[in-house]
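See structure below.
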Amino acid sequence: MQLWIEGSIEQVIAVANSGVASAIATNPTIIDRWTSGGQSLEAVVTQVCANVTIPVYVQLHGPTVDEYLREMDHLRAISDRIHPKLVASHAGLAAAKQIADSGLKPLITTVATLNQAYLAACAGASYAAPYVGRLHKAGVDTVKLIGDMVTMYRHSGAATQVAAASISSPQDAEQMLLAGASILVMQYDVYQHMLDSELTAVWIEHFEDNWTHIPYEIKSAVS
C-alpha cells in the first residue's frame, strides 16, 4: 500500500522525508501554484527533486506523442526521480506505451471510466488514476468504479495499479481502501487529518499522564 502526497513544495518535501510517502504527485494546478512566484516549472521541480529520494510524478503537456516524449526527455535530464503523468487520450496512451517500454513507470490520469482504465493497462501504464472527489461531485459511484478497476486488473493479471486521486477527506480514503485501491493520492491537508480520532487522542493523553509518574533516564541520555 502506498501514500502519494500533494501540496506546497515545503509540504511535499516534509512528508516525503518523513518516510511515509512513496511518491510526490503534481498536476498543472499544483505546478501553477508552485510557479506563482515567477519560477519556471523546471526550477520548482529541480528544487523538489534535490530534497527528496522518492519518485516525483510530473504531468506532461503534449498534446502530441512527439511532444510528450520530448518533454519527458527534457524532464529526465533534470532528475531521474521524475516520472510522467499523461492524460487519458489516444496520444497520451501512445506516449505512455513508448515511455513504459523504455523502463519508466507512467501514470495515466483523468481516468473516468472502466474502458479508460482498460486502455491504460493495454498501454503498459503502471498506474491509472481516477479523480475520486471530482467524479463523486459529477454523480459517479466512485466506490464501484474503483472496485471494478481493481477487479478487472486482478482478474486479467494486469500489472497496472489503481491510484485513487483527489481524495478529499479521511472518509474518502477509507472508502477507496475498502474498494481495493492500493495507492491513495491526497493533499497535505487531508493527510494531516488521517490520524484523527477522539479515542486515540484520549489514549495518548492518558499515556502522557502516566509518563509524568515514571522515573526514567532515556530522555536525558539522548539529550
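In the C-alpha cells, chains take the letters A, B, ... in the order shown, each chain's residues start at 1, and ligands count up from 1 in the order shown.
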- Skipping near chain neighbours, those fewer than 3 positions away, what residues fall within 12 Å of segment 195-211 of chain A using only C-alpha atoms, listed as a PyMOL selection string? chain A and resi 169-171+173-174+189-192+214-216+219
Generate the output file for the selected residues, N, CA and C atoms, as a PDB file, in the first residue's frame.
ATOM      1  N   SER A 169     -11.104  13.688   1.825  1.00  0.00           N
ATOM      2  CA  SER A 169     -11.307  13.553   3.270  1.00  0.00           C
ATOM      3  C   SER A 169     -10.807  12.185   3.726  1.00  0.00           C
ATOM      4  N   PRO A 170     -10.549  12.026   5.024  1.00  0.00           N
ATOM      5  CA  PRO A 170     -10.186  10.707   5.543  1.00  0.00           C
ATOM      6  C   PRO A 170     -11.282   9.673   5.293  1.00  0.00           C
ATOM      7  N   GLN A 171     -12.531  10.112   5.259  1.00  0.00           N
ATOM      8  CA  GLN A 171     -13.638   9.190   4.985  1.00  0.00           C
ATOM      9  C   GLN A 171     -13.558   8.676   3.546  1.00  0.00           C
ATOM     10  N   ALA A 173     -10.817   8.368   1.919  1.00  0.00           N
ATOM     11  CA  ALA A 173      -9.676   7.451   1.925  1.00  0.00           C
ATOM     12  C   ALA A 173     -10.108   6.056   2.366  1.00  0.00           C
ATOM     13  N   GLU A 174     -10.894   5.977   3.425  1.00  0.00           N
ATOM     14  CA  GLU A 174     -11.342   4.679   3.922  1.00  0.00           C
ATOM     15  C   GLU A 174     -12.187   3.956   2.877  1.00  0.00           C
ATOM     16  N   ASP A 189      -3.353  18.607   3.444  1.00  0.00           N
ATOM     17  CA  ASP A 189      -4.350  18.881   4.484  1.00  0.00           C
ATOM     18  C   ASP A 189      -5.140  17.629   4.845  1.00  0.00           C
ATOM     19  N   VAL A 190      -5.447  16.789   3.858  1.00  0.00           N
ATOM     20  CA  VAL A 190      -6.155  15.531   4.147  1.00  0.00           C
ATOM     21  C   VAL A 190      -5.234  14.595   4.914  1.00  0.00           C
ATOM     22  N   TYR A 191      -3.996  14.505   4.462  1.00  0.00           N
ATOM     23  CA  TYR A 191      -3.008  13.654   5.142  1.00  0.00           C
ATOM     24  C   TYR A 191      -2.898  14.022   6.616  1.00  0.00           C
ATOM     25  N   GLN A 192      -2.915  15.311   6.927  1.00  0.00           N
ATOM     26  CA  GLN A 192      -2.773  15.766   8.301  1.00  0.00           C
ATOM     27  C   GLN A 192      -3.899  15.268   9.200  1.00  0.00           C
ATOM     28  N   ILE A 214       6.601   8.241  35.930  1.00  0.00           N
ATOM     29  CA  ILE A 214       7.582   7.174  35.705  1.00  0.00           C
ATOM     30  C   ILE A 214       8.994   7.756  35.714  1.00  0.00           C
ATOM     31  N   PRO A 215       9.858   7.319  36.649  1.00  0.00           N
ATOM     32  CA  PRO A 215      11.253   7.769  36.585  1.00  0.00           C
ATOM     33  C   PRO A 215      11.978   7.038  35.450  1.00  0.00           C
ATOM     34  N   TYR A 216      12.625   7.766  34.588  1.00  0.00           N
ATOM     35  CA  TYR A 216      13.405   7.130  33.516  1.00  0.00           C
ATOM     36  C   TYR A 216      14.493   8.066  33.041  1.00  0.00           C
ATOM     37  N   LYS A 219      15.384   9.901  28.180  1.00  0.00           N
ATOM     38  CA  LYS A 219      15.330  11.232  27.558  1.00  0.00           C
ATOM     39  C   LYS A 219      16.583  12.028  27.878  1.00  0.00           C
TER      40      LYS A 219
END
- Message: Need the shell around segment 7-9 of chain A: protein/DNA/RNA residues with any atom at most 7 Å away, counting only C-alpha atoms. Skip same-chain ones fewer than 2 positions apart. Format as number ranges by chain?
- Response: A: 5, 11-13, 34, 48, 187-188
- Query: Using only C-alpha atoms, which residue out of A:Leu104, A:Leu75, A:Val185, A:Gln116 lies closest to Ala88 of chain A?
  - Reply: A:Gln116
- Message: Just list as a list in words whatever in segment 77-150 of chain A DSSP marks as strand (DSSP E).
- Response: Ile82, His83, Pro84, Lys85, Leu86, Val87, Leu107, Ile108, Thr109, Thr110, Val111, Tyr127, Ala128, Ala129 and Pro130 of chain A
Taking only residues of segment 33-127 of chain A that have an atom at most 9 Å from an atom of segment 141-162 of chain A, what is each one's shortest atom pair and its distance in Å to one decimal, using only C-alpha atoms, in chain and number order, as CSV?
residue,atom,partner,partner_atom,distance
A:Ala112,CA,A:Leu145,CA,8.3
A:Thr113,CA,A:Leu145,CA,7.3
A:Leu114,CA,A:Met149,CA,6.3
A:Ala117,CA,A:Met149,CA,6.7
A:Tyr118,CA,A:Met152,CA,8.0
A:Ala120,CA,A:Thr160,CA,7.9
A:Ala121,CA,A:Thr160,CA,5.6
A:Cys122,CA,A:Ala158,CA,8.6
A:Gly124,CA,A:Thr160,CA,7.3
A:Ala125,CA,A:Thr160,CA,6.0
A:Ser126,CA,A:Thr160,CA,4.5
A:Tyr127,CA,A:Gln161,CA,4.8
- Leu41 of chain A: which residues within 10 Å, counting only C-alpha atoms, same-chain residues fewer than 3 positions away excluded, as a list in words? Pro28, Ile31, Asp32, Trp34, Thr35, Gly38, Val44, Val45, Thr46, Val58 and Leu75 of chain A
Export, as a PDB file, in the first residue's frame, the selected residues with N, CA and C atoms.
ATOM      1  N   PRO A  28      -1.100  20.165 -13.320  1.00  0.00           N
ATOM      2  CA  PRO A  28      -0.942  21.566 -13.717  1.00  0.00           C
ATOM      3  C   PRO A  28      -1.448  22.566 -12.684  1.00  0.00           C
ATOM      4  N   ILE A  31       1.380  22.715 -10.081  1.00  0.00           N
ATOM      5  CA  ILE A  31       2.548  23.404 -10.646  1.00  0.00           C
ATOM      6  C   ILE A  31       2.264  24.891 -10.822  1.00  0.00           C
ATOM      7  N   ASP A  32       1.030  25.237 -11.160  1.00  0.00           N
ATOM      8  CA  ASP A  32       0.650  26.650 -11.283  1.00  0.00           C
ATOM      9  C   ASP A  32       0.866  27.374  -9.964  1.00  0.00           C
ATOM     10  N   TRP A  34       2.972  26.306  -7.555  1.00  0.00           N
ATOM     11  CA  TRP A  34       4.409  26.288  -7.266  1.00  0.00           C
ATOM     12  C   TRP A  34       5.161  27.378  -8.014  1.00  0.00           C
ATOM     13  N   THR A  35       4.693  27.734  -9.205  1.00  0.00           N
ATOM     14  CA  THR A  35       5.405  28.723 -10.025  1.00  0.00           C
ATOM     15  C   THR A  35       4.813  30.121  -9.912  1.00  0.00           C
ATOM     16  N   GLY A  38       6.972  33.242  -9.948  1.00  0.00           N
ATOM     17  CA  GLY A  38       7.747  33.605 -11.128  1.00  0.00           C
ATOM     18  C   GLY A  38       8.775  32.580 -11.558  1.00  0.00           C
ATOM     19  N   VAL A  44      11.169  24.719 -10.102  1.00  0.00           N
ATOM     20  CA  VAL A  44      10.495  24.185  -8.910  1.00  0.00           C
ATOM     21  C   VAL A  44      10.640  22.671  -8.833  1.00  0.00           C
ATOM     22  N   VAL A  45      10.603  21.997  -9.975  1.00  0.00           N
ATOM     23  CA  VAL A  45      10.769  20.548  -9.970  1.00  0.00           C
ATOM     24  C   VAL A  45      12.190  20.181  -9.544  1.00  0.00           C
ATOM     25  N   THR A  46      13.157  20.957  -9.991  1.00  0.00           N
ATOM     26  CA  THR A  46      14.543  20.737  -9.579  1.00  0.00           C
ATOM     27  C   THR A  46      14.686  20.872  -8.067  1.00  0.00           C
ATOM     28  N   VAL A  58       5.342  14.163 -12.612  1.00  0.00           N
ATOM     29  CA  VAL A  58       5.097  15.461 -13.247  1.00  0.00           C
ATOM     30  C   VAL A  58       4.241  15.234 -14.484  1.00  0.00           C
ATOM     31  N   LEU A  75      12.629  16.574 -18.950  1.00  0.00           N
ATOM     32  CA  LEU A  75      12.485  16.499 -17.504  1.00  0.00           C
ATOM     33  C   LEU A  75      13.418  15.459 -16.895  1.00  0.00           C
TER      34      LEU A  75
END
- Message: Using Å and a single decimal, report how far atom CA of Ile54 of chain A sits from atom CA of Glu6 of chain A.
- Response: 13.2 Å
- Message: Need to verify the contact set: Asp172 of chain A, 12 Å, only C-alpha atoms, exclusion of same-chain residues closer than 4 positions in sequence. Can you return it as a list in words?
- Response: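 Everything that qualifies: Tyr131, Val132, Gly133, Arg134, His136, Thr142, Val143, Ile146, Ala164, Ala165, Ser166, Ile167, Ser168, Met176, Leu177, Leu178, Ala179, Ala181, Leu184, Val185, Met186, Val190, Tyr191, His193 and Met194 of chain A.
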Put those residues in a file: C-alpha atoms, as a PDB file, in the first residue's frame.
ATOM      1  CA  TYR A 131     -10.150  11.720  -9.630  1.00  0.00           C
ATOM      2  CA  VAL A 132     -12.322  10.403  -6.805  1.00  0.00           C
ATOM      3  CA  GLY A 133     -13.529  13.743  -5.456  1.00  0.00           C
ATOM      4  CA  ARG A 134     -14.351  15.212  -8.853  1.00  0.00           C
ATOM      5  CA  HIS A 136     -18.163  11.916  -6.907  1.00  0.00           C
ATOM      6  CA  THR A 142     -16.622   6.125  -7.196  1.00  0.00           C
ATOM      7  CA  VAL A 143     -16.604   3.121  -4.882  1.00  0.00           C
ATOM      8  CA  ILE A 146     -12.535   1.796  -8.090  1.00  0.00           C
ATOM      9  CA  ALA A 164      -7.180   6.811  -6.241  1.00  0.00           C
ATOM     10  CA  ALA A 165      -6.572  10.551  -6.583  1.00  0.00           C
ATOM     11  CA  SER A 166      -8.353  13.707  -5.453  1.00  0.00           C
ATOM     12  CA  ILE A 167      -9.051  12.213  -2.027  1.00  0.00           C
ATOM     13  CA  SER A 168     -10.958  14.973  -0.256  1.00  0.00           C
ATOM     14  CA  MET A 176     -11.239   3.819  -1.512  1.00  0.00           C
ATOM     15  CA  LEU A 177      -9.144   1.450   0.580  1.00  0.00           C
ATOM     16  CA  LEU A 178     -12.147  -0.811   1.162  1.00  0.00           C
ATOM     17  CA  ALA A 179     -12.879  -0.690  -2.574  1.00  0.00           C
ATOM     18  CA  ALA A 181      -7.228   0.846  -4.151  1.00  0.00           C
ATOM     19  CA  LEU A 184      -4.114   6.922  -2.300  1.00  0.00           C
ATOM     20  CA  VAL A 185      -3.123  10.315  -3.708  1.00  0.00           C
ATOM     21  CA  MET A 186      -4.051  13.118  -1.341  1.00  0.00           C
ATOM     22  CA  VAL A 190      -6.155  15.531   4.147  1.00  0.00           C
ATOM     23  CA  TYR A 191      -3.008  13.654   5.142  1.00  0.00           C
ATOM     24  CA  HIS A 193      -6.207  14.523   9.410  1.00  0.00           C
ATOM     25  CA  MET A 194      -5.703  10.842   8.602  1.00  0.00           C
TER      26      MET A 194
END
- Query: Pick from A:Leu86, A:Ala129, A:Thr110, A:Ala163: nearest to Gly180 of chain A, with only C-alpha atoms counted?
  - Reply: A:Ala163
- Query: What is the distance between atom CA of Ile108 of chain A and atom CA of Leu60 of chain A, in Å to one decimal?
  - Reply: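 Computed distance, atom CA of Ile108 of chain A to atom CA of Leu60 of chain A, equals 10.6 Å.
DSSP annotation of segment 114-153 of chain A from backbone atoms: alpha helix (DSSP H) residues are Leu114, Asn115, Gln116, Ala117, Tyr118, Leu119, Ala120, Ala121, Cys122, Val132, Gly133, Arg134, Leu135, His136, Lys137, Thr142, Val143, Lys144, Leu145, Ile146, Gly147, Asp148, Met149, Val150, Thr151, Met152 and Tyr153 of chain A.
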Those residues you just picked out, can you put them in a file as a PDB file, in the first residue's frame with N, CA and C atoms?
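File written: selection01.pdb
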ATOM      1  N   LEU A 114     -14.273   2.674 -16.840  1.00  0.00           N
ATOM      2  CA  LEU A 114     -13.591   1.383 -16.842  1.00  0.00           C
ATOM      3  C   LEU A 114     -12.875   1.154 -18.174  1.00  0.00           C
ATOM      4  N   ASN A 115     -13.459   1.623 -19.266  1.00  0.00           N
ATOM      5  CA  ASN A 115     -12.818   1.485 -20.572  1.00  0.00           C
ATOM      6  C   ASN A 115     -11.468   2.198 -20.606  1.00  0.00           C
ATOM      7  N   GLN A 116     -11.419   3.388 -20.036  1.00  0.00           N
ATOM      8  CA  GLN A 116     -10.156   4.127 -19.995  1.00  0.00           C
ATOM      9  C   GLN A 116      -9.125   3.391 -19.148  1.00  0.00           C
ATOM     10  N   ALA A 117      -9.575   2.822 -18.040  1.00  0.00           N
ATOM     11  CA  ALA A 117      -8.672   2.053 -17.177  1.00  0.00           C
ATOM     12  C   ALA A 117      -8.130   0.838 -17.919  1.00  0.00           C
ATOM     13  N   TYR A 118      -8.984   0.197 -18.703  1.00  0.00           N
ATOM     14  CA  TYR A 118      -8.568  -0.960 -19.516  1.00  0.00           C
ATOM     15  C   TYR A 118      -7.501  -0.546 -20.531  1.00  0.00           C
ATOM     16  N   LEU A 119      -7.729   0.561 -21.241  1.00  0.00           N
ATOM     17  CA  LEU A 119      -6.773   1.014 -22.248  1.00  0.00           C
ATOM     18  C   LEU A 119      -5.462   1.459 -21.612  1.00  0.00           C
ATOM     19  N   ALA A 120      -5.536   2.033 -20.411  1.00  0.00           N
ATOM     20  CA  ALA A 120      -4.309   2.420 -19.715  1.00  0.00           C
ATOM     21  C   ALA A 120      -3.440   1.191 -19.457  1.00  0.00           C
ATOM     22  N   ALA A 121      -4.073   0.092 -19.052  1.00  0.00           N
ATOM     23  CA  ALA A 121      -3.325  -1.141 -18.821  1.00  0.00           C
ATOM     24  C   ALA A 121      -2.771  -1.691 -20.127  1.00  0.00           C
ATOM     25  N   CYS A 122      -3.566  -1.612 -21.205  1.00  0.00           N
ATOM     26  CA  CYS A 122      -3.093  -2.083 -22.510  1.00  0.00           C
ATOM     27  C   CYS A 122      -1.871  -1.301 -22.971  1.00  0.00           C
ATOM     28  N   VAL A 132     -11.209  10.855  -7.640  1.00  0.00           N
ATOM     29  CA  VAL A 132     -12.322  10.403  -6.805  1.00  0.00           C
ATOM     30  C   VAL A 132     -13.249  11.546  -6.434  1.00  0.00           C
ATOM     31  N   GLY A 133     -12.689  12.634  -5.903  1.00  0.00           N
ATOM     32  CA  GLY A 133     -13.529  13.743  -5.456  1.00  0.00           C
ATOM     33  C   GLY A 133     -14.325  14.363  -6.590  1.00  0.00           C
ATOM     34  N   ARG A 134     -13.680  14.573  -7.717  1.00  0.00           N
ATOM     35  CA  ARG A 134     -14.351  15.212  -8.853  1.00  0.00           C
ATOM     36  C   ARG A 134     -15.403  14.277  -9.459  1.00  0.00           C
ATOM     37  N   LEU A 135     -15.090  12.989  -9.522  1.00  0.00           N
ATOM     38  CA  LEU A 135     -16.058  12.027 -10.049  1.00  0.00           C
ATOM     39  C   LEU A 135     -17.290  11.947  -9.143  1.00  0.00           C
ATOM     40  N   HIS A 136     -17.046  11.967  -7.853  1.00  0.00           N
ATOM     41  CA  HIS A 136     -18.163  11.916  -6.907  1.00  0.00           C
ATOM     42  C   HIS A 136     -19.081  13.127  -7.086  1.00  0.00           C
ATOM     43  N   LYS A 137     -18.483  14.300  -7.258  1.00  0.00           N
ATOM     44  CA  LYS A 137     -19.285  15.512  -7.474  1.00  0.00           C
ATOM     45  C   LYS A 137     -20.083  15.446  -8.772  1.00  0.00           C
ATOM     46  N   THR A 142     -18.073   6.305  -7.190  1.00  0.00           N
ATOM     47  CA  THR A 142     -16.622   6.125  -7.196  1.00  0.00           C
ATOM     48  C   THR A 142     -16.195   4.820  -6.539  1.00  0.00           C
ATOM     49  N   VAL A 143     -16.931   4.391  -5.530  1.00  0.00           N
ATOM     50  CA  VAL A 143     -16.604   3.121  -4.882  1.00  0.00           C
ATOM     51  C   VAL A 143     -16.733   1.984  -5.883  1.00  0.00           C
ATOM     52  N   LYS A 144     -17.804   2.008  -6.681  1.00  0.00           N
ATOM     53  CA  LYS A 144     -17.999   0.964  -7.686  1.00  0.00           C
ATOM     54  C   LYS A 144     -16.926   1.037  -8.764  1.00  0.00           C
ATOM     55  N   LEU A 145     -16.593   2.256  -9.237  1.00  0.00           N
ATOM     56  CA  LEU A 145     -15.583   2.400 -10.278  1.00  0.00           C
ATOM     57  C   LEU A 145     -14.236   1.867  -9.803  1.00  0.00           C
ATOM     58  N   ILE A 146     -13.823   2.261  -8.615  1.00  0.00           N
ATOM     59  CA  ILE A 146     -12.535   1.796  -8.090  1.00  0.00           C
ATOM     60  C   ILE A 146     -12.568   0.278  -7.920  1.00  0.00           C
ATOM     61  N   GLY A 147     -13.656  -0.228  -7.355  1.00  0.00           N
ATOM     62  CA  GLY A 147     -13.774  -1.666  -7.168  1.00  0.00           C
ATOM     63  C   GLY A 147     -13.743  -2.428  -8.474  1.00  0.00           C
ATOM     64  N   ASP A 148     -14.415  -1.904  -9.500  1.00  0.00           N
ATOM     65  CA  ASP A 148     -14.427  -2.551 -10.814  1.00  0.00           C
ATOM     66  C   ASP A 148     -13.038  -2.535 -11.447  1.00  0.00           C
ATOM     67  N   MET A 149     -12.324  -1.424 -11.306  1.00  0.00           N
ATOM     68  CA  MET A 149     -10.961  -1.346 -11.846  1.00  0.00           C
ATOM     69  C   MET A 149     -10.048  -2.373 -11.175  1.00  0.00           C
ATOM     70  N   VAL A 150     -10.116  -2.432  -9.849  1.00  0.00           N
ATOM     71  CA  VAL A 150      -9.287  -3.381  -9.108  1.00  0.00           C
ATOM     72  C   VAL A 150      -9.606  -4.811  -9.519  1.00  0.00           C
ATOM     73  N   THR A 151     -10.899  -5.109  -9.631  1.00  0.00           N
ATOM     74  CA  THR A 151     -11.318  -6.463 -10.022  1.00  0.00           C
ATOM     75  C   THR A 151     -10.835  -6.803 -11.430  1.00  0.00           C
ATOM     76  N   MET A 152     -10.991  -5.869 -12.360  1.00  0.00           N
ATOM     77  CA  MET A 152     -10.560  -6.096 -13.737  1.00  0.00           C
ATOM     78  C   MET A 152      -9.060  -6.362 -13.804  1.00  0.00           C
ATOM     79  N   TYR A 153      -8.281  -5.549 -13.140  1.00  0.00           N
ATOM     80  CA  TYR A 153      -6.835  -5.735 -13.178  1.00  0.00           C
ATOM     81  C   TYR A 153      -6.435  -7.056 -12.528  1.00  0.00           C
TER      82      TYR A 153
END
- Using only C-alpha atoms, which of A:Ile218, A:Gln47, A:Gln2, A:Lys85 sits nearest Thr26 of chain A? A:Lys85
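Atom to atom, atom CA of Gly92 of chain A and atom CA of Thr29 of chain A stand 18.6 Å apart.
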- So, counting only C-alpha atoms, which residue among A:His83, A:Ile24, A:Leu107, A:Gly19 is closest to Trp4 of chain A?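 Residue with the minimum atom-to-atom distance to Trp4 of chain A: A:Ile24.
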